[in-house]
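Data file: protein_10.cif. Format and content: mmCIF, N, CA and C atoms.
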data_upload
#
loop_
_atom_site.group_PDB
_atom_site.id
_atom_site.type_symbol
_atom_site.label_atom_id
_atom_site.label_comp_id
_atom_site.auth_asym_id
_atom_site.auth_seq_id
_atom_site.Cartn_x
_atom_site.Cartn_y
_atom_site.Cartn_z
ATOM 1 N N LEU Q 1 0.804 -1.198 0.000
ATOM 2 C CA LEU Q 1 0.000 0.000 0.000
ATOM 3 C C LEU Q 1 0.849 1.266 0.000
ATOM 4 N N ALA Q 2 2.138 1.115 0.197
ATOM 5 C CA ALA Q 2 3.004 2.290 0.249
ATOM 6 C C ALA Q 2 2.809 3.148 -1.000
ATOM 7 N N GLY Q 3 2.592 4.422 -0.787
ATOM 8 C CA GLY Q 3 2.388 5.350 -1.892
ATOM 9 C C GLY Q 3 0.971 5.377 -2.426
ATOM 10 N N ASN Q 4 0.113 4.484 -1.934
ATOM 11 C CA ASN Q 4 -1.257 4.412 -2.426
ATOM 12 C C ASN Q 4 -2.306 4.624 -1.348
ATOM 13 N N ALA Q 5 -1.883 4.933 -0.143
ATOM 14 C CA ALA Q 5 -2.826 5.104 0.963
ATOM 15 C C ALA Q 5 -2.681 6.501 1.557
ATOM 16 N N VAL Q 6 -3.800 7.064 1.964
ATOM 17 C CA VAL Q 6 -3.824 8.352 2.636
ATOM 18 C C VAL Q 6 -4.550 8.155 3.952
ATOM 19 N N ASN Q 7 -3.952 8.617 5.032
ATOM 20 C CA ASN Q 7 -4.576 8.466 6.342
ATOM 21 C C ASN Q 7 -4.946 9.850 6.862
ATOM 22 N N GLY Q 8 -6.236 10.121 6.954
ATOM 23 C CA GLY Q 8 -6.696 11.406 7.457
ATOM 24 C C GLY Q 8 -7.209 11.322 8.879
ATOM 25 N N ALA Q 9 -6.894 10.228 9.552
ATOM 26 C CA ALA Q 9 -7.416 10.003 10.893
ATOM 27 C C ALA Q 9 -6.863 11.012 11.896
ATOM 28 N N VAL Q 10 -7.722 11.367 12.841
ATOM 29 C CA VAL Q 10 -7.347 12.239 13.957
ATOM 30 C C VAL Q 10 -7.795 11.528 15.229
ATOM 31 N N PRO Q 11 -6.856 10.964 15.983
ATOM 32 C CA PRO Q 11 -7.245 10.227 17.188
ATOM 33 C C PRO Q 11 -8.086 11.077 18.144
ATOM 34 N N GLY Q 12 -9.166 10.485 18.636
ATOM 35 C CA GLY Q 12 -10.034 11.155 19.592
ATOM 36 C C GLY Q 12 -10.983 12.174 18.998
ATOM 37 N N ALA Q 13 -11.041 12.249 17.680
ATOM 38 C CA ALA Q 13 -11.889 13.248 17.025
ATOM 39 C C ALA Q 13 -13.364 12.903 17.171
ATOM 40 N N SER Q 14 -14.179 13.941 17.160
ATOM 41 C CA SER Q 14 -15.626 13.749 17.222
ATOM 42 C C SER Q 14 -16.214 13.799 15.815
ATOM 43 N N MET Q 15 -17.469 13.427 15.693
ATOM 44 C CA MET Q 15 -18.129 13.408 14.386
ATOM 45 C C MET Q 15 -18.117 14.793 13.734
ATOM 46 N N SER Q 16 -18.087 15.834 14.522
ATOM 47 C CA SER Q 16 -18.099 17.189 13.965
ATOM 48 C C SER Q 16 -16.849 17.486 13.132
ATOM 49 N N THR Q 17 -15.817 16.670 13.241
ATOM 50 C CA THR Q 17 -14.584 16.892 12.471
ATOM 51 C C THR Q 17 -14.557 16.110 11.157
ATOM 52 N N LEU Q 18 -15.588 15.307 10.884
ATOM 53 C CA LEU Q 18 -15.571 14.450 9.694
ATOM 54 C C LEU Q 18 -15.427 15.246 8.409
ATOM 55 N N VAL Q 19 -16.128 16.345 8.258
ATOM 56 C CA VAL Q 19 -16.033 17.136 7.025
ATOM 57 C C VAL Q 19 -14.588 17.563 6.796
ATOM 58 N N GLY Q 20 -13.909 18.024 7.825
ATOM 59 C CA GLY Q 20 -12.512 18.433 7.692
ATOM 60 C C GLY Q 20 -11.592 17.281 7.353
ATOM 61 N N GLN Q 21 -11.821 16.138 7.975
ATOM 62 C CA GLN Q 21 -10.990 14.975 7.680
ATOM 63 C C GLN Q 21 -11.208 14.502 6.244
ATOM 64 N N VAL Q 22 -12.445 14.519 5.798
ATOM 65 C CA VAL Q 22 -12.756 14.133 4.418
ATOM 66 C C VAL Q 22 -12.060 15.080 3.438
ATOM 67 N N GLY Q 23 -12.061 16.367 3.766
ATOM 68 C CA GLY Q 23 -11.416 17.346 2.897
ATOM 69 C C GLY Q 23 -9.943 17.071 2.685
ATOM 70 N N GLY Q 24 -9.321 16.432 3.660
ATOM 71 C CA GLY Q 24 -7.905 16.123 3.547
ATOM 72 C C GLY Q 24 -7.590 14.927 2.677
ATOM 73 N N VAL Q 25 -8.573 14.089 2.385
ATOM 74 C CA VAL Q 25 -8.304 12.880 1.604
ATOM 75 C C VAL Q 25 -9.096 12.793 0.299
ATOM 76 N N ALA Q 26 -10.196 13.501 0.197
ATOM 77 C CA ALA Q 26 -11.079 13.343 -0.966
ATOM 78 C C ALA Q 26 -10.407 13.752 -2.268
ATOM 79 N N GLY Q 27 -9.494 14.710 -2.202
ATOM 80 C CA GLY Q 27 -8.796 15.127 -3.415
ATOM 81 C C GLY Q 27 -7.953 14.028 -4.026
ATOM 82 N N ALA Q 28 -7.618 13.024 -3.232
ATOM 83 C CA ALA Q 28 -6.840 11.883 -3.721
ATOM 84 C C ALA Q 28 -7.705 10.902 -4.498
ATOM 85 N N GLN Q 29 -9.039 11.142 -4.548
ATOM 86 C CA GLN Q 29 -9.970 10.263 -5.242
ATOM 87 C C GLN Q 29 -9.800 8.807 -4.805
ATOM 88 N N PRO Q 30 -9.965 8.540 -3.506
ATOM 89 C CA PRO Q 30 -9.752 7.175 -3.012
ATOM 90 C C PRO Q 30 -10.799 6.201 -3.520
ATOM 91 N N ASP Q 31 -10.366 4.967 -3.752
ATOM 92 C CA ASP Q 31 -11.311 3.913 -4.127
ATOM 93 C C ASP Q 31 -12.135 3.498 -2.909
ATOM 94 N N TYR Q 32 -11.473 3.416 -1.760
ATOM 95 C CA TYR Q 32 -12.128 2.974 -0.531
ATOM 96 C C TYR Q 32 -11.820 3.945 0.602
ATOM 97 N N VAL Q 33 -12.810 4.221 1.407
ATOM 98 C CA VAL Q 33 -12.670 5.083 2.575
ATOM 99 C C VAL Q 33 -13.261 4.343 3.764
ATOM 100 N N THR Q 34 -12.521 4.291 4.849
ATOM 101 C CA THR Q 34 -13.006 3.684 6.079
ATOM 102 C C THR Q 34 -13.248 4.789 7.094
ATOM 103 N N ILE Q 35 -14.419 4.792 7.694
ATOM 104 C CA ILE Q 35 -14.759 5.799 8.703
ATOM 105 C C ILE Q 35 -15.030 5.078 10.015
ATOM 106 N N LEU Q 36 -14.229 5.392 11.018
ATOM 107 C CA LEU Q 36 -14.438 4.893 12.371
ATOM 108 C C LEU Q 36 -14.403 6.118 13.268
ATOM 109 N N LEU Q 37 -15.558 6.634 13.586
ATOM 110 C CA LEU Q 37 -15.657 7.908 14.291
ATOM 111 C C LEU Q 37 -16.912 7.914 15.133
ATOM 112 N N GLY Q 38 -16.920 8.688 16.177
ATOM 113 C CA GLY Q 38 -18.141 8.901 16.932
ATOM 114 C C GLY Q 38 -18.194 8.278 18.303
ATOM 115 N N GLY Q 39 -17.207 7.458 18.660
ATOM 116 C CA GLY Q 39 -17.221 6.847 19.986
ATOM 117 C C GLY Q 39 -17.244 7.895 21.088
ATOM 118 N N GLY Q 40 -16.461 8.945 20.910
ATOM 119 C CA GLY Q 40 -16.434 10.019 21.900
ATOM 120 C C GLY Q 40 -17.747 10.771 21.967
ATOM 121 N N ASP Q 41 -18.408 10.906 20.830
ATOM 122 C CA ASP Q 41 -19.723 11.565 20.810
ATOM 123 C C ASP Q 41 -20.721 10.796 21.660
ATOM 124 N N VAL Q 42 -20.650 9.491 21.585
ATOM 125 C CA VAL Q 42 -21.597 8.644 22.292
ATOM 126 C C VAL Q 42 -21.241 8.538 23.775
ATOM 127 N N CYS Q 43 -19.952 8.338 24.063
ATOM 128 C CA CYS Q 43 -19.535 8.063 25.441
ATOM 129 C C CYS Q 43 -19.302 9.312 26.291
ATOM 130 N N PHE Q 44 -18.786 10.372 25.681
ATOM 131 C CA PHE Q 44 -18.348 11.506 26.482
ATOM 132 C C PHE Q 44 -19.120 12.797 26.226
ATOM 133 N N ALA Q 45 -19.448 13.054 24.983
ATOM 134 C CA ALA Q 45 -20.045 14.346 24.646
ATOM 135 C C ALA Q 45 -21.571 14.333 24.679
ATOM 136 N N ALA Q 46 -22.170 13.167 24.664
ATOM 137 C CA ALA Q 46 -23.629 13.048 24.628
ATOM 138 C C ALA Q 46 -24.223 13.887 23.499
ATOM 139 N N THR Q 47 -23.605 13.785 22.327
ATOM 140 C CA THR Q 47 -24.092 14.505 21.153
ATOM 141 C C THR Q 47 -25.502 14.016 20.814
ATOM 142 N N PRO Q 48 -26.446 14.933 20.641
ATOM 143 C CA PRO Q 48 -27.803 14.514 20.273
ATOM 144 C C PRO Q 48 -27.797 13.705 18.968
ATOM 145 N N THR Q 49 -28.668 12.735 18.888
ATOM 146 C CA THR Q 49 -28.734 11.853 17.722
ATOM 147 C C THR Q 49 -28.899 12.630 16.426
ATOM 148 N N ALA Q 50 -29.774 13.619 16.399
ATOM 149 C CA ALA Q 50 -30.015 14.396 15.183
ATOM 150 C C ALA Q 50 -28.762 15.165 14.769
ATOM 151 N N THR Q 51 -28.025 15.690 15.733
ATOM 152 C CA THR Q 51 -26.787 16.414 15.439
ATOM 153 C C THR Q 51 -25.739 15.465 14.878
ATOM 154 N N PHE Q 52 -25.581 14.315 15.532
ATOM 155 C CA PHE Q 52 -24.634 13.291 15.089
ATOM 156 C C PHE Q 52 -24.941 12.873 13.652
ATOM 157 N N ALA Q 53 -26.214 12.599 13.366
ATOM 158 C CA ALA Q 53 -26.623 12.174 12.029
ATOM 159 C C ALA Q 53 -26.361 13.268 11.001
ATOM 160 N N ALA Q 54 -26.641 14.513 11.350
ATOM 161 C CA ALA Q 54 -26.407 15.623 10.422
ATOM 162 C C ALA Q 54 -24.918 15.798 10.140
ATOM 163 N N GLN Q 55 -24.080 15.638 11.160
ATOM 164 C CA GLN Q 55 -22.630 15.754 10.966
ATOM 165 C C GLN Q 55 -22.102 14.622 10.095
ATOM 166 N N PHE Q 56 -22.630 13.419 10.317
ATOM 167 C CA PHE Q 56 -22.225 12.274 9.506
ATOM 168 C C PHE Q 56 -22.640 12.485 8.048
ATOM 169 N N ARG Q 57 -23.882 12.915 7.834
ATOM 170 C CA ARG Q 57 -24.390 13.164 6.482
ATOM 171 C C ARG Q 57 -23.558 14.241 5.796
ATOM 172 N N ALA Q 58 -23.198 15.300 6.506
ATOM 173 C CA ALA Q 58 -22.388 16.377 5.927
ATOM 174 C C ALA Q 58 -21.021 15.845 5.498
ATOM 175 N N GLY Q 59 -20.456 14.953 6.298
ATOM 176 C CA GLY Q 59 -19.171 14.354 5.941
ATOM 177 C C GLY Q 59 -19.262 13.505 4.688
ATOM 178 N N LEU Q 60 -20.305 12.676 4.610
ATOM 179 C CA LEU Q 60 -20.478 11.850 3.410
ATOM 180 C C LEU Q 60 -20.783 12.704 2.185
ATOM 181 N N ASP Q 61 -21.592 13.737 2.365
ATOM 182 C CA ASP Q 61 -21.882 14.637 1.245
ATOM 183 C C ASP Q 61 -20.601 15.285 0.726
ATOM 184 N N ALA Q 62 -19.734 15.716 1.639
ATOM 185 C CA ALA Q 62 -18.466 16.327 1.242
ATOM 186 C C ALA Q 62 -17.579 15.316 0.514
ATOM 187 N N LEU Q 63 -17.543 14.093 1.017
ATOM 188 C CA LEU Q 63 -16.742 13.059 0.370
ATOM 189 C C LEU Q 63 -17.236 12.788 -1.040
ATOM 190 N N PHE Q 64 -18.537 12.546 -1.178
ATOM 191 C CA PHE Q 64 -19.053 12.183 -2.495
ATOM 192 C C PHE Q 64 -19.078 13.352 -3.471
ATOM 193 N N ALA Q 65 -19.118 14.574 -2.973
ATOM 194 C CA ALA Q 65 -19.013 15.729 -3.863
ATOM 195 C C ALA Q 65 -17.612 15.804 -4.476
ATOM 196 N N ALA Q 66 -16.609 15.478 -3.680
ATOM 197 C CA ALA Q 66 -15.224 15.552 -4.156
ATOM 198 C C ALA Q 66 -14.760 14.261 -4.820
ATOM 199 N N SER Q 67 -15.322 13.144 -4.421
ATOM 200 C CA SER Q 67 -14.878 11.845 -4.915
ATOM 201 C C SER Q 67 -16.085 10.919 -5.055
ATOM 202 N N PRO Q 68 -16.887 11.127 -6.102
ATOM 203 C CA PRO Q 68 -18.171 10.437 -6.217
ATOM 204 C C PRO Q 68 -18.099 8.914 -6.388
ATOM 205 N N HIS Q 69 -16.942 8.387 -6.718
ATOM 206 C CA HIS Q 69 -16.846 6.941 -6.969
ATOM 207 C C HIS Q 69 -16.235 6.186 -5.800
ATOM 208 N N SER Q 70 -15.963 6.862 -4.697
ATOM 209 C CA SER Q 70 -15.405 6.186 -3.529
ATOM 210 C C SER Q 70 -16.433 5.239 -2.915
ATOM 211 N N HIS Q 71 -15.929 4.132 -2.384
ATOM 212 C CA HIS Q 71 -16.747 3.200 -1.618
ATOM 213 C C HIS Q 71 -16.428 3.457 -0.153
ATOM 214 N N VAL Q 72 -17.437 3.380 0.701
ATOM 215 C CA VAL Q 72 -17.267 3.733 2.100
ATOM 216 C C VAL Q 72 -17.596 2.544 3.001
ATOM 217 N N LEU Q 73 -16.723 2.293 3.957
ATOM 218 C CA LEU Q 73 -16.959 1.305 5.006
ATOM 219 C C LEU Q 73 -17.064 2.091 6.304
ATOM 220 N N VAL Q 74 -18.202 1.971 6.985
ATOM 221 C CA VAL Q 74 -18.425 2.700 8.237
ATOM 222 C C VAL Q 74 -18.416 1.724 9.379
#
Represent the supplied structure as C-alpha cells.
Amino acid sequence: LAGNAVNGAVPGASMSTLVGQVGGVAGAQPDYVTILLGGGDVCFAATPTATFAAQFRAGLDALFAASPHSHVLV
C-alpha cells in the first residue's frame, strides 16, 4: 500500500470533524474510505442523535461531492 494510501485520521476526534478529515483525503480520489468515528460523541459528549446524524451526512456529502466513486466502510 506504500504510496497508495492516505490516512486522514485524527485520534479522539468527534463526528463534527468528519467534514474536515474528508477534505484532507477526498482530493486523492480514493477507491475505498473507512470511517471509524463517533465513539467520543456517544460516550463523552452526549451529542444529540439528530446532530450526530447531520454531521455524519455532511461528511459523506463532502466526500461524495469531491470523490463520487469512492466506496465507504463505516
**Message:** With DSSP run on the backbone, what are the strand (DSSP E) residues within chain Q? I'd like them as a PyMOL selection string.
**Reply:** chain Q and resi 32-34+71-73
**Request:** Translate the PyMOL selection byres ((chain Q and resi 32) around 7), as applied to the file shown, into an explicit residue set as a PyMOL selection string.
**Result:** chain Q and resi 29-31+33-34+69-73
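Omitting Phe56 (chain Q) and its sequence neighbours fewer than 5 positions away, and counting all atoms listed in the file, the residues within 6.5 Å are Met15, Thr51 and Asp61 of chain Q.
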Atoms to include: N, CA and C atoms. Write the selected residues as a compact mmCIF listing (two decimals), in the coordinates of the input.
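Writing the result to out.txt gives the following:
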# COMPACT_ATOMS: atom_id res chain seq x y z
N MET Q 15 -17.47 13.43 15.69
CA MET Q 15 -18.13 13.41 14.39
C MET Q 15 -18.12 14.79 13.73
N THR Q 51 -28.02 15.69 15.73
CA THR Q 51 -26.79 16.41 15.44
C THR Q 51 -25.74 15.46 14.88
N ASP Q 61 -21.59 13.74 2.37
CA ASP Q 61 -21.88 14.64 1.25
C ASP Q 61 -20.60 15.28 0.73
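From atom C of Asn7 (chain Q) back to atom C of Pro68 (chain Q), the distance works out to 18.7 Å.
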**Prompt:** Which polymer residues have any atom within 7 Å of an atom of Ala62 (chain Q), counting only N, CA and C atoms, with same-chain residues fewer than 3 positions away left out, as a PyMOL selection string?
**Reply:** chain Q and resi 19+22-23+26+57-59+65-67
**Item:** helix (DSSP H, G or I) call set, DSSP backbone run, chain Q, as a PyMOL selection string
**Value:** chain Q and resi 15-28+39-45+49-66
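Picked out by the PyMOL selection byres (((chain Q and resi 11 and name CA) around 12) and name CA) when it runs on this file: Asn7, Gly8, Ala9, Val10, Gly12, Ala13, Ser14, Met15, Thr17, Leu18, Gln21, Leu36, Leu37, Gly38, Gly39 and Gly40 of chain Q.
Using only N, CA and C atoms, the smallest distance between any of Q:Ser16, Q:Gly27, Q:Asn4, Q:Val74 and Asp41 (chain Q) comes from Q:Ser16.
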